[in-house]
Structure formats: C-alpha cells, structure tokens
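The structure under discussion appears below in the form of structure tokens.
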Amino acid sequence: MIKVLFICHGNICRSTMAEFVMKYLVKKSHVDSQFYIYSAATSREEIGNPVHYGTKRKLAQEGIPCGDHRAVQVTKSDYDNYDYLIVMDGYNVRNLMRIIGDDPEQKVYKLLDFTQRKGQDIADPWYSGNFDKTFDDVMEGCQGLLNYILGK
C-alpha cells in the first residue's frame, strides 16, 4: 500500500483538493486499491472545518467527487505512517519540518516537484480566490506524482 499525505496550511483548500484529485486519478488508472490518500494541515486554525466551498465548487465542476473531509493537523507520527508527505509551498515545508523534526528518508516534497516546475509553490486560493489556477497546478502535480510513483 502506497500512502500519500497532502499538506497545506489549513487543510481546507489546496491539500484537500490534492487529496480528492489524486483519489480520482488513481481510481481512473485502476490502481486505487494500491493507495491510501489523505490530507492534513500544518496549522490548527481550521481543525474540524469542512472543505472550503471554493474547492468543493471547483471539484464539482471537474466531475471529481469530494468527500466529507474535516481539517486535521499533521502529526510527528505521520512521518512514519506515510511514504510521501506532499506539501503545497515552501512556507508549509518549514512548518512541517518543525512538526516532524527531520526528513531522513526523503519523504517530503512540494507537489510541483513532480512537474517541469520543480520547486515552485501552489498559490493558496484562500488569498488569491483563484481556485481554477490552483486546480490546474494541483492536477498537474498529482498527475506527475502518480506517474513518478508508477514509474512512468
């Protein structure tokens, strides 16, 4: 079982979008039984809150199911429990490292590291309001991640 945890600041916009996009892509590729995919926040600000309405709306427009996820915070033990910890931006990489301490197994990546735009951040639509752009970046990153994992 390949375990992937998507991480952003609040776990209501980008990381949840990535969670549901990745679940959609692995199901479409008929490899969903090989994956466990979830998402979490580096902050406690949104704990317990549902997926942001902008994320829900964009996923619905794209025909991607969005479950009843509630924001949770990443924990130190998540490092041991997941194969990939996929973060949306540099700010949250730093916050994640404060939580987990170190990355000796090199499990921490930014989502766009699996694209031609390695090292770039995915903008937070909470601030930009641009859920379309965030979706495009998340889709590109998730497709790249899936190809990387499957060796394509």
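Naming scheme: A, B, ... for chains in displayed order of the structure tokens; residues 1 onward per chain; ligands 1 onward as shown.
For Gln61 (chain A), the non-local neighbours within 12 Å, defined as residues at least 6 positions apart in the same chain or in other chains and counting only C-alpha atoms, are Gly54, Thr55, Phe131, Asp132 and Phe135 of chain A.
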Set out as a Markdown table a contact list for region 40-148 of chain A and region 8-31 of chain A with a cut-off of 9 Å, giving each residue of region 40-148 of chain A that qualifies its closest atom pair and distance in Å to one decimal, counting only C-alpha atoms, ordered by chain and rising residue number.
```
| residue | atom | partner | partner_atom | distance |
| --- | --- | --- | --- | --- |
| A:Ala40 | CA | A:Asn11 | CA | 5.2 |
| A:Ala41 | CA | A:Asn11 | CA | 4.6 |
| A:Thr42 | CA | A:His9 | CA | 5.1 |
| A:Ser43 | CA | A:His9 | CA | 5.6 |
| A:Arg44 | CA | A:Gly10 | CA | 7.1 |
| A:Glu45 | CA | A:Gly10 | CA | 6.3 |
| A:Glu46 | CA | A:Gly10 | CA | 5.4 |
| A:Ile47 | CA | A:Gly10 | CA | 7.5 |
| A:Asn49 | CA | A:Ile12 | CA | 7.3 |
| A:Pro50 | CA | A:Ile12 | CA | 6.5 |
| A:Val51 | CA | A:Ile12 | CA | 4.5 |
| A:His52 | CA | A:Ile12 | CA | 5.1 |
| A:Tyr53 | CA | A:Cys13 | CA | 8.6 |
| A:Gly54 | CA | A:Cys13 | CA | 7.7 |
| A:Thr55 | CA | A:Cys13 | CA | 5.7 |
| A:Lys56 | CA | A:Met17 | CA | 8.1 |
| A:Lys58 | CA | A:Met17 | CA | 8.9 |
| A:Leu59 | CA | A:Met17 | CA | 7.4 |
| A:Ile64 | CA | A:Tyr24 | CA | 6.4 |
| A:Pro65 | CA | A:Phe20 | CA | 7.0 |
| A:Cys66 | CA | A:Phe20 | CA | 6.1 |
| A:Gly67 | CA | A:Phe20 | CA | 7.8 |
| A:His69 | CA | A:Thr16 | CA | 7.7 |
| A:Arg70 | CA | A:Ile12 | CA | 7.7 |
| A:Ala71 | CA | A:Asn11 | CA | 5.1 |
| A:Val72 | CA | A:Asn11 | CA | 6.8 |
| A:Gln73 | CA | A:Asn11 | CA | 7.8 |
| A:Ile86 | CA | A:Ser15 | CA | 8.6 |
| A:Val87 | CA | A:Cys8 | CA | 5.9 |
| A:Met88 | CA | A:Cys8 | CA | 5.6 |
| A:Asp89 | CA | A:Cys8 | CA | 7.4 |
| A:Tyr91 | CA | A:His9 | CA | 8.5 |
| A:Asn92 | CA | A:Cys8 | CA | 6.1 |
| A:Val93 | CA | A:Cys8 | CA | 8.7 |
| A:Asn95 | CA | A:His9 | CA | 8.6 |
| A:Leu111 | CA | A:Ala18 | CA | 8.9 |
| A:Ile122 | CA | A:Arg14 | CA | 8.0 |
| A:Ala123 | CA | A:Arg14 | CA | 8.5 |
| A:Asp124 | CA | A:Arg14 | CA | 6.8 |
| A:Pro125 | CA | A:Cys13 | CA | 7.0 |
| A:Trp126 | CA | A:Cys13 | CA | 7.0 |
| A:Phe131 | CA | A:Cys13 | CA | 8.6 |
| A:Thr134 | CA | A:Arg14 | CA | 7.3 |
| A:Phe135 | CA | A:Met17 | CA | 7.4 |
| A:Val138 | CA | A:Ala18 | CA | 5.8 |
| A:Met139 | CA | A:Val21 | CA | 6.6 |
| A:Gly141 | CA | A:Ala18 | CA | 8.5 |
| A:Cys142 | CA | A:Met22 | CA | 5.7 |
| A:Gln143 | CA | A:Leu25 | CA | 7.3 |
| A:Leu145 | CA | A:Met22 | CA | 8.8 |
| A:Leu146 | CA | A:Val26 | CA | 7.5 |
```
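With CA of Asp121 (chain A) on one side and CA of Asp137 (chain A) on the other, the separation reads 9.1 Å.
The set of residues in chain A assigned to strand (DSSP E or B) by DSSP, using only backbone atoms of this structure, is A:Ile2, A:Lys3, A:Val4, A:Leu5, A:Phe6, A:Ile7, A:Cys8, A:Phe35, A:Tyr36, A:Ile37, A:Tyr38, A:Ser39, A:Ala40, A:Ala41, A:Pro50, A:Arg70, A:Gln73, A:Tyr84, A:Leu85, A:Ile86, A:Val87, A:Val108, A:Tyr109, A:Lys110.
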> as a count of residues only, which residues of region 83-130 of chain A does DSSP assign to alpha helix (DSSP H)?
Replying inline: 15
Contacts of region 76-84 of chain A within 10 Å, only C-alpha atoms, excl. fewer than 2 positions in-chain, as a PDB file with N, CA and C atoms, in the first residue's frame:
```
ATOM      1  N   MET A   1       0.849  -1.185   0.000  1.00  0.00           N
ATOM      2  CA  MET A   1       0.000   0.000   0.000  1.00  0.00           C
ATOM      3  C   MET A   1       0.890   1.242   0.000  1.00  0.00           C
ATOM      4  N   ILE A   2       0.647   2.132  -0.946  1.00  0.00           N
ATOM      5  CA  ILE A   2       1.386   3.388  -1.054  1.00  0.00           C
ATOM      6  C   ILE A   2       0.565   4.457  -0.343  1.00  0.00           C
ATOM      7  N   LYS A   3       1.170   5.072   0.668  1.00  0.00           N
ATOM      8  CA  LYS A   3       0.451   6.054   1.488  1.00  0.00           C
ATOM      9  C   LYS A   3       0.966   7.454   1.200  1.00  0.00           C
ATOM     10  N   VAL A   4       0.021   8.333   0.810  1.00  0.00           N
ATOM     11  CA  VAL A   4       0.347   9.703   0.430  1.00  0.00           C
ATOM     12  C   VAL A   4      -0.450  10.662   1.309  1.00  0.00           C
ATOM     13  N   LEU A   5       0.260  11.623   1.910  1.00  0.00           N
ATOM     14  CA  LEU A   5      -0.383  12.662   2.715  1.00  0.00           C
ATOM     15  C   LEU A   5      -0.102  14.010   2.072  1.00  0.00           C
ATOM     16  N   PHE A   6      -1.170  14.730   1.695  1.00  0.00           N
ATOM     17  CA  PHE A   6      -1.048  16.070   1.133  1.00  0.00           C
ATOM     18  C   PHE A   6      -1.194  17.077   2.269  1.00  0.00           C
ATOM     19  N   TYR A  36      -3.391   4.641  -0.294  1.00  0.00           N
ATOM     20  CA  TYR A  36      -4.131   5.285   0.792  1.00  0.00           C
ATOM     21  C   TYR A  36      -3.753   6.756   0.705  1.00  0.00           C
ATOM     22  N   ILE A  37      -4.737   7.622   0.539  1.00  0.00           N
ATOM     23  CA  ILE A  37      -4.503   9.045   0.299  1.00  0.00           C
ATOM     24  C   ILE A  37      -5.318   9.860   1.300  1.00  0.00           C
ATOM     25  N   TYR A  38      -4.656  10.837   1.923  1.00  0.00           N
ATOM     26  CA  TYR A  38      -5.326  11.682   2.908  1.00  0.00           C
ATOM     27  C   TYR A  38      -4.681  13.064   2.870  1.00  0.00           C
ATOM     28  N   ALA A  40      -3.787  16.868   5.416  1.00  0.00           N
ATOM     29  CA  ALA A  40      -3.691  17.453   6.753  1.00  0.00           C
ATOM     30  C   ALA A  40      -3.134  18.873   6.654  1.00  0.00           C
ATOM     31  N   GLN A  73      -4.726  18.243  11.790  1.00  0.00           N
ATOM     32  CA  GLN A  73      -3.340  18.691  11.775  1.00  0.00           C
ATOM     33  C   GLN A  73      -2.405  17.500  11.619  1.00  0.00           C
ATOM     34  N   VAL A  74      -1.352  17.698  10.838  1.00  0.00           N
ATOM     35  CA  VAL A  74      -0.326  16.682  10.669  1.00  0.00           C
ATOM     36  C   VAL A  74       0.364  16.450  12.018  1.00  0.00           C
ATOM     37  N   ILE A  86       3.435  15.341   0.864  1.00  0.00           N
ATOM     38  CA  ILE A  86       3.450  16.264  -0.268  1.00  0.00           C
ATOM     39  C   ILE A  86       2.881  17.614   0.177  1.00  0.00           C
ATOM     40  N   VAL A  87       3.739  18.622   0.138  1.00  0.00           N
ATOM     41  CA  VAL A  87       3.409  19.943   0.664  1.00  0.00           C
ATOM     42  C   VAL A  87       3.176  20.915  -0.494  1.00  0.00           C
ATOM     43  N   LEU A  96       6.078  22.080   8.424  1.00  0.00           N
ATOM     44  CA  LEU A  96       6.066  20.625   8.557  1.00  0.00           C
ATOM     45  C   LEU A  96       7.339  20.148   9.248  1.00  0.00           C
ATOM     46  N   MET A  97       8.474  20.712   8.874  1.00  0.00           N
ATOM     47  CA  MET A  97       9.741  20.292   9.473  1.00  0.00           C
ATOM     48  C   MET A  97       9.772  20.607  10.968  1.00  0.00           C
ATOM     49  N   ARG A  98       9.104  21.664  11.386  1.00  0.00           N
ATOM     50  CA  ARG A  98       9.000  21.957  12.828  1.00  0.00           C
ATOM     51  C   ARG A  98       8.214  20.866  13.549  1.00  0.00           C
ATOM     52  N   ILE A  99       7.262  20.272  12.850  1.00  0.00           N
ATOM     53  CA  ILE A  99       6.424  19.230  13.454  1.00  0.00           C
ATOM     54  C   ILE A  99       7.131  17.873  13.449  1.00  0.00           C
ATOM     55  N   ILE A 100       7.702  17.504  12.310  1.00  0.00           N
ATOM     56  CA  ILE A 100       8.292  16.157  12.205  1.00  0.00           C
ATOM     57  C   ILE A 100       9.761  16.117  12.612  1.00  0.00           C
ATOM     58  N   GLY A 101      10.435  17.259  12.599  1.00  0.00           N
ATOM     59  CA  GLY A 101      11.813  17.330  13.044  1.00  0.00           C
ATOM     60  C   GLY A 101      12.847  17.177  11.945  1.00  0.00           C
ATOM     61  N   ASP A 102      12.745  16.146  11.139  1.00  0.00           N
ATOM     62  CA  ASP A 102      13.750  15.872  10.118  1.00  0.00           C
ATOM     63  C   ASP A 102      13.127  14.995   9.033  1.00  0.00           C
ATOM     64  N   ASP A 103      13.834  14.861   7.924  1.00  0.00           N
ATOM     65  CA  ASP A 103      13.361  14.047   6.805  1.00  0.00           C
ATOM     66  C   ASP A 103      14.452  13.077   6.359  1.00  0.00           C
ATOM     67  N   GLU A 105      14.406  10.001   5.502  1.00  0.00           N
ATOM     68  CA  GLU A 105      14.041   9.083   4.419  1.00  0.00           C
ATOM     69  C   GLU A 105      13.642   9.810   3.139  1.00  0.00           C
ATOM     70  N   GLN A 106      13.780  11.126   3.134  1.00  0.00           N
ATOM     71  CA  GLN A 106      13.441  11.974   1.989  1.00  0.00           C
ATOM     72  C   GLN A 106      12.033  11.692   1.465  1.00  0.00           C
ATOM     73  N   LYS A 107      11.078  11.855   2.355  1.00  0.00           N
ATOM     74  CA  LYS A 107       9.665  11.654   2.031  1.00  0.00           C
ATOM     75  C   LYS A 107       8.948  12.968   1.721  1.00  0.00           C
ATOM     76  N   VAL A 108       9.546  14.096   2.082  1.00  0.00           N
ATOM     77  CA  VAL A 108       8.894  15.401   1.958  1.00  0.00           C
ATOM     78  C   VAL A 108       9.219  16.020   0.603  1.00  0.00           C
ATOM     79  N   TYR A 109       8.158  16.368  -0.129  1.00  0.00           N
ATOM     80  CA  TYR A 109       8.279  17.016  -1.431  1.00  0.00           C
ATOM     81  C   TYR A 109       7.246  18.134  -1.531  1.00  0.00           C
ATOM     82  N   LEU A 145       3.010  13.222  -9.879  1.00  0.00           N
ATOM     83  CA  LEU A 145       3.284  12.348  -8.736  1.00  0.00           C
ATOM     84  C   LEU A 145       2.868  10.918  -9.036  1.00  0.00           C
ATOM     85  N   ILE A 149       5.337   7.687  -9.087  1.00  0.00           N
ATOM     86  CA  ILE A 149       5.136   6.514  -8.242  1.00  0.00           C
ATOM     87  C   ILE A 149       5.018   5.243  -9.087  1.00  0.00           C
TER      88      ILE A 149
END
```
> What separation in Å, quoted to one decimal, exists between CA of Gly151 (chain A) and CA of Thr115 (chain A)?
Replying inline: 14.0 Å
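Here CA of Ser33 (chain A) and CA of Pro104 (chain A) stand 27.7 Å from one another.
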